Amino acid sequence: MLPDYPKMKKYLEKRFSDAIKDEIQKDPLLSTLKVRKVHEGDVLVSSSVEGFSERIEYKEISAKFEIKNEEIIEKGPDAYFSRVKQIAKEIGGQQSQIFIKKMDEVTQRTGNVVNAKARPLSPQLILEALEKIAFDFDEHGNPIFPSLVVSPQQYEKIKKEIPKWESDPDLRTKHTELIEKKRKEWLDRESNRKLAD
Amino acid sequence: MIERVIENWLTNTNERGYQIPFCQYLISMGYTILGMSFHGPMEQGKDIIAIDEKKIPCAFQLKSGDINASVWRSIKGEIDELVEIPIKYPSVDKSINHRCILVTNGRITEKVRVDVDDRNANFKQKGLPELEIVTGSDLLKRFIDVHGSFLPRQPTDFRLFLELFLFDGRELLRKKLFTKFIESVLLTEEEKELDLKRKIASSVLLSQYVLQPFESQMNHISIIEGWTTFCSYVLGLVEKYGLKDESWRQSYNIIMGKINYQLEALKSEFFSRKNYIEGYWDGGLFYRSRMTIVLGWLSAFELFNKQIDSGYEIDNRILESVSKYYKVATWFWGESATPLFVMMSLLTREHGETSLSNKIICDLIIDITSENRFRDGDGLPDPYYSVNHVIRHFYGSRKQRIDMSSFLGSSYHLAALVDILVRRNKRDLLGELWKHVSHIQTSELNPRPLWKSFMWRCDKGEQVEKFYKNPQSWKELREESMKSSDLDLPRTLAKNPFSHYFLICYPHRLNRIMVKLIDRSLE
């Protein structure tokens, strides 16, 4: 063979894979997820705090990309790095799909579903959804709200509405009542974190 | 090519360095090893006592280097003892003349040979056995014969072999690399029992070659970890193929002898030193991790001895060292250190120091639950991250950092540690910690099939993750911590004191069942 640079290329390969990971992390949904490396096995049996058990077989997520020899010769490693966004989009898309599908399954099973029935996203709908979710409070007693995942188009639509919702006295009262109810539920949950007979 | 490397190893090692390969050679030739000493000749100048394939007792004395007239003069007395004094061993018939063999990895000068011939004539007249001689070139041929067709011939395997062979012997053993090498020799397609027996024999020798850098530096911990890992793979084969004792037991026993000899040497070194600094740029995490590793292994050694002999008196100096250095000079760098602390706790409990013993376990639980608190913990590495990884995280470049946040909210070892306190009926202590414990999701890998527990990494198996209940019934915890589920335990580890060593070497195999096994091993 002709001379090669395998060590340097291994380093570039690592940089390439890190760049893809970083790009995936820019996704608003995926960036909220905690990632943990599982080193062995082929099946995950995971139980939630509520005791629901889930058996998941690991799936491979991959993306294909092509680079012509002419481009490789002309651009070198940059030819690979120019594909990072495309690959990240494909892999990230698959990850999001799996996540949303799994969320769907879990929420259907646990009943944590609010059917909007074609209604547009509204504060009532959000309060209704929050009603179904358990959330925690920090050491200062402030609620730790869950993330709300919406499409970019939907976000543009509701962005302007949020200040109005926040200043609506009726909504504020409902919101405060909900927080207090959730605080009580949280205190109940916390007081159950104990050893019983 | 590889023969040249073996020759190079053989000429550069000493008699202790080739003792295991030589014993393995004897086993392969049908000998039964009755006794051997790594400390130097046993009584009457005998390093190894064995029975050969014709049932004749044999005594071996091992030497290193060339034997010229001056060396010969200095060892003549030992040789006379080797020949003249019968083997004193319970199962050896003293009325049968034993064979006596002088072995060296060097050469014997012509002058010495002539002297040996003369003396043999004299011994014969007296009705004594004649002295047989094995030299370096004979040894090399015999060792190569043991390998049969199992020497690494593929370039990738040979490269792995060389990489290990040329490793810096001051480092900790790179188990990932070492196990990759062992697997390349031991694990192939379905095998016949005889082939497996030969493979075990060959890999004993190969392991000794690649552990040579550590032997040269007398790096006890890496030698111990190398042989412990090797024994684990042998047990894996035993489980997988249901091997008969005759195919593996003797090899396993000589290696266990070596591990325990090395632990004894570690103990001697530890108590003979004024401080535990190694080289320059030391102290800090280097020092604390070293102390943790040494104290953990020495505790395991005491527990091992106690399990094989209930009359064994635990060495007080180790207990004193654990009391003195625990927390002051130890470091819980992550869950790969858990087994080391568990050994310290079990040892102190065995000696009646229950308060320190419970404190060690409590501290581990506190560290795990606070460091891995989901919202605001700093993160404590899981058992798959070695001390080297973690030190690189703290002292290395940005690129070598570990994503500590990935460990938040879960733990591989919490449930096993909780079980220890539950078995000790420490409800009050656990009650104090429970709020934090209940926030952590406990993880455990169940390798399938079970024999793969002995592999460094297992591609098949269930990773089981769960939370404790809220509230959690104490009665249920007690039942679970006591219940016997030996079905989930490799049978070769049950009641086997080796499990102490196995857990230190394989921290990712520490789970509720394994800890219960060692926790109750002295009951």
# chains A, B, ... in the order shown; residues from 1 in each chain; ligands from 1
>>> interface_residues(of="chain B", to="chain A", cutoff="6 Å", atoms="only C-alpha atoms", output="PyMOL selection string")
chain B and resi 406+434-435+458-467+470-474
>>> residues_around(residues="B:Ser521", least_positions_apart="2", cutoff="12 Å", atoms="only C-alpha atoms", output="PyMOL selection string")
chain B and resi 303-310+346-347+350+493-500+514-519+523
>>> closest_residue(among="A:Glu105, A:Trp186, A:Lys117, A:Val84", to="A:Asp18", atoms="only C-alpha atoms")
A:Val84
>>> residues_around(residues="B:Gln400", least_positions_apart="3", cutoff="12 Å", atoms="only C-alpha atoms", output="PDB file with C-alpha atoms, in the first residue's frame")
ATOM      1  CA  ASN B 388      -7.041   5.740  35.663  1.00  0.00           C
ATOM      2  CA  HIS B 389     -10.038   7.233  33.853  1.00  0.00           C
ATOM      3  CA  VAL B 390     -11.032   9.243  36.888  1.00  0.00           C
ATOM      4  CA  ILE B 391      -7.531  10.524  37.603  1.00  0.00           C
ATOM      5  CA  ARG B 392      -7.244  11.576  33.958  1.00  0.00           C
ATOM      6  CA  HIS B 393     -10.528  13.444  34.393  1.00  0.00           C
ATOM      7  CA  PHE B 394      -9.120  15.468  37.282  1.00  0.00           C
ATOM      8  CA  TYR B 395      -5.490  15.850  36.225  1.00  0.00           C
ATOM      9  CA  GLY B 396      -5.643  15.413  32.464  1.00  0.00           C
ATOM     10  CA  SER B 397      -6.562  17.713  29.625  1.00  0.00           C
ATOM     11  CA  ASP B 403     -19.272  13.650  31.478  1.00  0.00           C
ATOM     12  CA  MET B 404     -20.034  13.418  35.188  1.00  0.00           C
TER      13      MET B 404
END
>>> select_by_dssp(residues="stretch 16-152 of chain A", states="strand (DSSP E or B)", output="list of chain:residue names")
A:Val43, A:Leu44, A:Val45, A:Ser46, A:Ser47, A:Ser53, A:Glu54, A:Arg55, A:Ile56, A:Glu57, A:Phe137, A:Pro143
>>> write_last_selection(atoms="N, CA and C atoms", output="CSV table (one decimal), in the first residue's frame")
chain,number,residue,atom,x,y,z
A,43,VAL,N,-30.5,-5.7,26.5
A,43,VAL,CA,-31.9,-5.4,26.9
A,43,VAL,C,-31.9,-4.5,28.1
A,44,LEU,N,-32.8,-3.5,28.1
A,44,LEU,CA,-32.9,-2.6,29.3
A,44,LEU,C,-34.3,-2.9,29.9
A,45,VAL,N,-34.3,-3.3,31.2
A,45,VAL,CA,-35.6,-3.4,31.9
A,45,VAL,C,-35.6,-2.3,32.9
A,46,SER,N,-36.4,-1.3,32.6
A,46,SER,CA,-36.4,-0.1,33.5
A,46,SER,C,-37.8,0.1,34.2
A,47,SER,N,-37.7,0.4,35.5
A,47,SER,CA,-39.0,0.7,36.2
A,47,SER,C,-39.0,2.1,36.6
A,53,SER,N,-43.0,-1.1,34.8
A,53,SER,CA,-41.8,-1.7,34.2
A,53,SER,C,-41.8,-1.7,32.7
A,54,GLU,N,-40.7,-1.5,32.1
A,54,GLU,CA,-40.6,-1.4,30.6
A,54,GLU,C,-39.4,-2.3,30.2
A,55,ARG,N,-39.7,-3.1,29.2
A,55,ARG,CA,-38.5,-3.9,28.6
A,55,ARG,C,-38.2,-3.4,27.2
A,56,ILE,N,-37.0,-3.0,27.1
A,56,ILE,CA,-36.6,-2.3,25.8
A,56,ILE,C,-35.4,-3.0,25.2
A,57,GLU,N,-35.5,-3.5,24.0
A,57,GLU,CA,-34.3,-4.0,23.3
A,57,GLU,C,-33.6,-2.9,22.6
A,137,PHE,N,-40.3,20.3,43.8
A,137,PHE,CA,-40.0,21.7,44.2
A,137,PHE,C,-38.6,21.7,44.7
A,143,PRO,N,-41.5,25.6,42.4
A,143,PRO,CA,-41.7,24.5,41.5
A,143,PRO,C,-40.7,24.3,40.4
>>> closest_residue(among="A:Asp78, A:Glu131, A:Ile98, A:Ile87", to="A:Tyr58", atoms="only C-alpha atoms")
A:Ile98
>>> atom_distance(atom1="atom CA of B:Lys46", atom2="atom CA of B:Tyr89")
11.4 Å
>>> residues_around(residues="B:Glu278", least_positions_apart="5", cutoff="12 Å", atoms="only C-alpha atoms", output="VMD selection string")
chain B and resid 170 to 171 219 273 283 to 284 286 to 288 290 to 291
>>> residues_around(residues="A:Gln154", least_positions_apart="6", cutoff="12 Å", atoms="only C-alpha atoms", output="VMD selection string")
chain A and resid 120 to 122 148 160 to 161
>>> write_last_selection(atoms="N, CA and C atoms", output="mmCIF file, in the first residue's frame")
data_model
loop_
_atom_site.group_PDB
_atom_site.id
_atom_site.type_symbol
_atom_site.label_atom_id
_atom_site.label_comp_id
_atom_site.auth_asym_id
_atom_site.auth_seq_id
_atom_site.Cartn_x
_atom_site.Cartn_y
_atom_site.Cartn_z
ATOM 1 N N PRO A 120 -56.596 24.739 19.729
ATOM 2 C CA PRO A 120 -55.233 25.278 19.677
ATOM 3 C C PRO A 120 -54.609 25.280 21.068
ATOM 4 N N LEU A 121 -53.289 25.340 21.092
ATOM 5 C CA LEU A 121 -52.605 25.337 22.392
ATOM 6 C C LEU A 121 -53.009 26.592 23.165
ATOM 7 N N SER A 122 -53.497 26.372 24.383
ATOM 8 C CA SER A 122 -53.987 27.498 25.182
ATOM 9 C C SER A 122 -53.527 27.318 26.619
ATOM 10 N N LEU A 148 -41.919 22.034 28.159
ATOM 11 C CA LEU A 148 -43.032 21.903 27.226
ATOM 12 C C LEU A 148 -42.443 21.825 25.815
ATOM 13 N N LYS A 160 -46.034 35.299 21.511
ATOM 14 C CA LYS A 160 -46.608 36.634 21.758
ATOM 15 C C LYS A 160 -47.724 36.565 22.801
ATOM 16 N N GLU A 161 -48.339 35.397 22.909
ATOM 17 C CA GLU A 161 -49.484 35.260 23.819
ATOM 18 C C GLU A 161 -49.058 35.132 25.286
#
>>> residues_around(residues="B:Lys180", least_positions_apart="4", cutoff="12 Å", atoms="only C-alpha atoms", output="mmCIF file with C-alpha atoms, in the first residue's frame")
data_model
loop_
_atom_site.group_PDB
_atom_site.id
_atom_site.type_symbol
_atom_site.label_atom_id
_atom_site.label_comp_id
_atom_site.auth_asym_id
_atom_site.auth_seq_id
_atom_site.Cartn_x
_atom_site.Cartn_y
_atom_site.Cartn_z
ATOM 1 C CA THR B 156 -3.346 -8.576 15.279
ATOM 2 C CA ASP B 157 -3.007 -11.045 18.160
ATOM 3 C CA PHE B 158 0.757 -10.906 17.982
ATOM 4 C CA ARG B 159 0.653 -7.127 18.046
ATOM 5 C CA LEU B 160 -1.559 -7.276 21.153
ATOM 6 C CA PHE B 161 0.923 -9.680 22.698
ATOM 7 C CA GLU B 163 1.931 -4.308 23.223
ATOM 8 C CA LEU B 164 1.393 -6.038 26.560
ATOM 9 C CA ARG B 174 -4.822 -2.364 31.356
ATOM 10 C CA LYS B 175 -7.487 -4.973 31.834
ATOM 11 C CA LYS B 176 -9.326 -4.173 28.626
ATOM 12 C CA SER B 184 -8.013 -14.213 21.556
ATOM 13 C CA VAL B 185 -6.363 -17.348 22.945
ATOM 14 C CA LEU B 186 -9.078 -18.916 25.088
ATOM 15 C CA LEU B 187 -12.341 -18.056 23.419
ATOM 16 C CA SER B 207 -0.072 -14.643 30.557
ATOM 17 C CA THR B 229 -8.500 -11.875 35.612
ATOM 18 C CA PHE B 230 -6.956 -14.980 34.068
ATOM 19 C CA TYR B 233 -11.647 -16.568 32.404
ATOM 20 C CA MET B 455 -15.973 -11.921 30.619
ATOM 21 C CA TRP B 456 -14.730 -8.383 30.862
ATOM 22 C CA ARG B 457 -17.655 -7.190 28.797
#
>>> atom_distance(atom1="atom CA of A:Asp27", atom2="atom CA of A:Tyr155")
14.4 Å
>>> residues_around(residues="stretch 132-135 of chain B", least_positions_apart="5", cutoff="9 Å", atoms="only C-alpha atoms", output="compact mmCIF listing (two decimals) with C-alpha atoms, in the first residue's frame")
# COMPACT_ATOMS: atom_id res chain seq x y z
CA ASP B 66 24.30 -19.82 33.91
CA ARG B 99 13.68 -38.16 40.99
CA CYS B 100 15.57 -34.93 41.60
CA ILE B 101 15.86 -32.30 38.93
CA LEU B 102 17.88 -29.11 38.82
CA VAL B 103 16.35 -26.58 36.44
CA THR B 104 17.90 -23.36 35.18
CA ASN B 105 16.94 -20.91 32.46
CA GLY B 106 20.64 -20.47 31.65
CA ARG B 107 23.38 -22.90 30.60
CA ILE B 108 25.56 -25.35 32.50
CA VAL B 116 27.47 -33.79 38.01
CA LEU B 140 12.41 -23.16 25.79
>>> closest_residue(among="A:Tyr11, A:Ile133, A:Phe16, A:Ile91", to="A:Thr110", atoms="only C-alpha atoms")
A:Ile133
>>> select_by_dssp(residues="stretch 61-91 of chain A", states="alpha helix (DSSP H)", output="JSON list (two decimals) with N, CA and C atoms, in the first residue's frame")
[["chain", "number", "residue", "atom", "x", "y", "z"],
["A", 69, "ASN", "N", -15.15, 10.64, -4.40],
["A", 69, "ASN", "CA", -13.69, 10.70, -4.31],
["A", 69, "ASN", "C", -13.13, 12.07, -4.69],
["A", 70, "GLU", "N", -13.75, 12.69, -5.72],
["A", 70, "GLU", "CA", -13.25, 14.01, -6.17],
["A", 70, "GLU", "C", -13.32, 15.01, -5.02],
["A", 71, "GLU", "N", -14.44, 14.94, -4.27],
["A", 71, "GLU", "CA", -14.61, 15.88, -3.16],
["A", 71, "GLU", "C", -13.62, 15.59, -2.03],
["A", 72, "ILE", "N", -13.42, 14.31, -1.78],
["A", 72, "ILE", "CA", -12.45, 13.93, -0.74],
["A", 72, "ILE", "C", -11.07, 14.48, -1.11],
["A", 73, "ILE", "N", -10.72, 14.29, -2.39],
["A", 73, "ILE", "CA", -9.39, 14.74, -2.82],
["A", 73, "ILE", "C", -9.28, 16.26, -2.71],
["A", 74, "GLU", "N", -10.35, 16.93, -3.06],
["A", 74, "GLU", "CA", -10.29, 18.39, -3.07],
["A", 74, "GLU", "C", -10.34, 18.98, -1.66],
["A", 75, "LYS", "N", -11.27, 18.48, -0.86],
["A", 75, "LYS", "CA", -11.50, 19.13, 0.45],
["A", 75, "LYS", "C", -10.87, 18.40, 1.63],
["A", 77, "PRO", "N", -10.48, 16.26, 5.00],
["A", 77, "PRO", "CA", -11.38, 16.05, 6.13],
["A", 77, "PRO", "C", -12.58, 17.00, 6.16],
["A", 78, "ASP", "N", -12.42, 18.20, 5.56],
["A", 78, "ASP", "CA", -13.54, 19.14, 5.55],
["A", 78, "ASP", "C", -14.75, 18.56, 4.82],
["A", 79, "ALA", "N", -14.49, 17.68, 3.88],
["A", 79, "ALA", "CA", -15.59, 17.05, 3.16],
["A", 79, "ALA", "C", -16.47, 16.27, 4.14],
["A", 80, "TYR", "N", -15.81, 15.60, 5.08],
["A", 80, "TYR", "CA", -16.57, 14.85, 6.10],
["A", 80, "TYR", "C", -17.29, 15.82, 7.03],
["A", 81, "PHE", "N", -16.53, 16.80, 7.52],
["A", 81, "PHE", "CA", -17.11, 17.71, 8.51],
["A", 81, "PHE", "C", -18.28, 18.51, 7.92],
["A", 84, "VAL", "N", -21.69, 17.04, 8.83],
["A", 84, "VAL", "CA", -22.07, 16.87, 10.23],
["A", 84, "VAL", "C", -23.54, 17.24, 10.47],
["A", 85, "LYS", "N", -23.96, 18.40, 9.95],
["A", 85, "LYS", "CA", -25.34, 18.85, 10.21],
["A", 85, "LYS", "C", -26.35, 17.86, 9.65],
["A", 86, "GLN", "N", -26.07, 17.40, 8.43],
["A", 86, "GLN", "CA", -26.99, 16.47, 7.77],
["A", 86, "GLN", "C", -27.10, 15.16, 8.57],
["A", 87, "ILE", "N", -25.95, 14.66, 9.00],
["A", 87, "ILE", "CA", -25.96, 13.39, 9.76],
["A", 87, "ILE", "C", -26.66, 13.59, 11.10],
["A", 88, "ALA", "N", -26.32, 14.70, 11.77],
["A", 88, "ALA", "CA", -26.91, 14.97, 13.09],
["A", 88, "ALA", "C", -28.42, 15.09, 12.97],
["A", 89, "LYS", "N", -28.87, 15.71, 11.88],
["A", 89, "LYS", "CA", -30.31, 15.89, 11.69],
["A", 89, "LYS", "C", -30.98, 14.52, 11.56],
["A", 90, "GLU", "N", -30.35, 13.65, 10.80],
["A", 90, "GLU", "CA", -30.95, 12.34, 10.59],
["A", 90, "GLU", "C", -30.94, 11.49, 11.87],
["A", 91, "ILE", "N", -29.78, 11.47, 12.52],
["A", 91, "ILE", "CA", -29.70, 10.67, 13.76],
["A", 91, "ILE", "C", -30.59, 11.28, 14.84]]
